[in-house]
Amino acid sequence: MSIYDLAATIEARMGADPDSSWTAKLLSKGPEKCAEKFGEEAIEAIIEAVKGDKPALIGEAADVLYHLLVMCAAHGIELSDIEAELARRQGVSGIDEKAAR
């Protein structure tokens with residue numbers, strides 16, 4: 001599954017029955033709960049990175065990407081919006097970009 005497939009699946013589940021879809025259930029709890037779940041998954045990924053457990057980190061990284069997209073969807077942000085921002089930053093030094101904020 002590509003990140004595009006994942007984003008499309010999340011979008012398709014936005015109006016689904018929360019009893020039949022984990023994504024719909026998360027979204028029905030509101031943007032704050034989606035952000036909380038993203039934070040939990042990010043912490044779990046950090047723990048696995050520090051432990052050096054590559055297979056566990058891969059699993060947690062997948063969870064982080066999923067929950068990031070769900071959190072963004074809860075705020076009406078699509079993958080294409082994120083891609084546009086990345087394109088805007090392309091070719092700009094990370095140091096320069098950060099200093100411009």
# chains A, B, ... in the order shown; residues from 1 in each chain; ligands from 1
call {"tool": "residues_around", "arguments": {"residues": "stretch 74-86 of chain A", "least_positions_apart": "3", "cutoff": "8 Å", "atoms": "only C-alpha atoms", "output": "list in words"}}
result
Tyr4, Ala7, Leu27, Gly30, Pro31, Cys34, Leu69, Val70, Met71, Arg89 and Gln90 of chain A
call {"tool": "write_last_selection", "arguments": {"atoms": "N, CA and C atoms", "output": "PDB file, in the first residue's frame"}}
result
ATOM      1  N   TYR A   4      -0.381   7.170  -0.868  1.00  0.00           N
ATOM      2  CA  TYR A   4      -1.540   7.691  -1.598  1.00  0.00           C
ATOM      3  C   TYR A   4      -2.757   6.790  -1.378  1.00  0.00           C
ATOM      4  N   ALA A   7      -3.981   7.493   2.145  1.00  0.00           N
ATOM      5  CA  ALA A   7      -4.721   8.759   2.204  1.00  0.00           C
ATOM      6  C   ALA A   7      -6.111   8.605   1.592  1.00  0.00           C
ATOM      7  N   LEU A  27     -12.017   9.658  13.805  1.00  0.00           N
ATOM      8  CA  LEU A  27     -12.491  10.950  13.300  1.00  0.00           C
ATOM      9  C   LEU A  27     -13.747  11.415  14.030  1.00  0.00           C
ATOM     10  N   GLY A  30     -13.206  13.536  17.102  1.00  0.00           N
ATOM     11  CA  GLY A  30     -12.764  14.923  16.942  1.00  0.00           C
ATOM     12  C   GLY A  30     -11.269  15.073  16.743  1.00  0.00           C
ATOM     13  N   PRO A  31     -10.881  16.261  16.283  1.00  0.00           N
ATOM     14  CA  PRO A  31      -9.473  16.539  15.984  1.00  0.00           C
ATOM     15  C   PRO A  31      -8.540  16.376  17.181  1.00  0.00           C
ATOM     16  N   CYS A  34      -7.702  12.728  17.611  1.00  0.00           N
ATOM     17  CA  CYS A  34      -6.815  12.318  16.518  1.00  0.00           C
ATOM     18  C   CYS A  34      -5.389  12.790  16.794  1.00  0.00           C
ATOM     19  N   LEU A  69      -1.884  11.219   8.973  1.00  0.00           N
ATOM     20  CA  LEU A  69      -2.866  11.500   7.921  1.00  0.00           C
ATOM     21  C   LEU A  69      -4.280  11.613   8.485  1.00  0.00           C
ATOM     22  N   VAL A  70      -4.606  10.803   9.496  1.00  0.00           N
ATOM     23  CA  VAL A  70      -5.925  10.909  10.129  1.00  0.00           C
ATOM     24  C   VAL A  70      -6.051  12.261  10.835  1.00  0.00           C
ATOM     25  N   MET A  71      -5.017  12.655  11.566  1.00  0.00           N
ATOM     26  CA  MET A  71      -5.044  13.941  12.260  1.00  0.00           C
ATOM     27  C   MET A  71      -5.215  15.081  11.259  1.00  0.00           C
ATOM     28  N   ARG A  89       9.138  24.042  -0.343  1.00  0.00           N
ATOM     29  CA  ARG A  89      10.405  24.041   0.389  1.00  0.00           C
ATOM     30  C   ARG A  89      11.562  23.433  -0.393  1.00  0.00           C
ATOM     31  N   GLN A  90      11.257  22.721  -1.456  1.00  0.00           N
ATOM     32  CA  GLN A  90      12.302  22.037  -2.216  1.00  0.00           C
ATOM     33  C   GLN A  90      13.326  23.029  -2.735  1.00  0.00           C
TER      34      GLN A  90
END
call {"tool": "select_by_dssp", "arguments": {"residues": "stretch 26-97 of chain A", "states": "alpha helix (DSSP H)", "output": "MDAnalysis selection string"}}
result
chainID A and resid 26:28 31:51 54:74 79:89 94:97
call {"tool": "closest_residue", "arguments": {"among": "A:Ile95, A:Leu26, A:Ala42, A:Met1", "to": "A:Met14", "atoms": "only C-alpha atoms"}}
result
A:Leu26
call {"tool": "residues_around", "arguments": {"residues": "A:Leu65", "least_positions_apart": "5", "cutoff": "9 Å", "atoms": "only C-alpha atoms", "output": "PyMOL selection string"}}
result
chain A and resi 3+38+60+70
call {"tool": "atom_distance", "arguments": {"atom1": "atom CA of A:Ala24", "atom2": "atom CA of A:Leu57"}}
result
25.4 Å
call {"tool": "residues_around", "arguments": {"residues": "A:Ala62", "least_positions_apart": "5", "cutoff": "10 Å", "atoms": "only C-alpha atoms", "output": "PyMOL selection string"}}
result
chain A and resi 3+41+45+56-57+67-68
call {"tool": "closest_residue", "arguments": {"among": "A:Val64, A:Thr9, A:Ala100, A:Val92", "to": "A:Ala35", "atoms": "only C-alpha atoms"}}
result
A:Val64
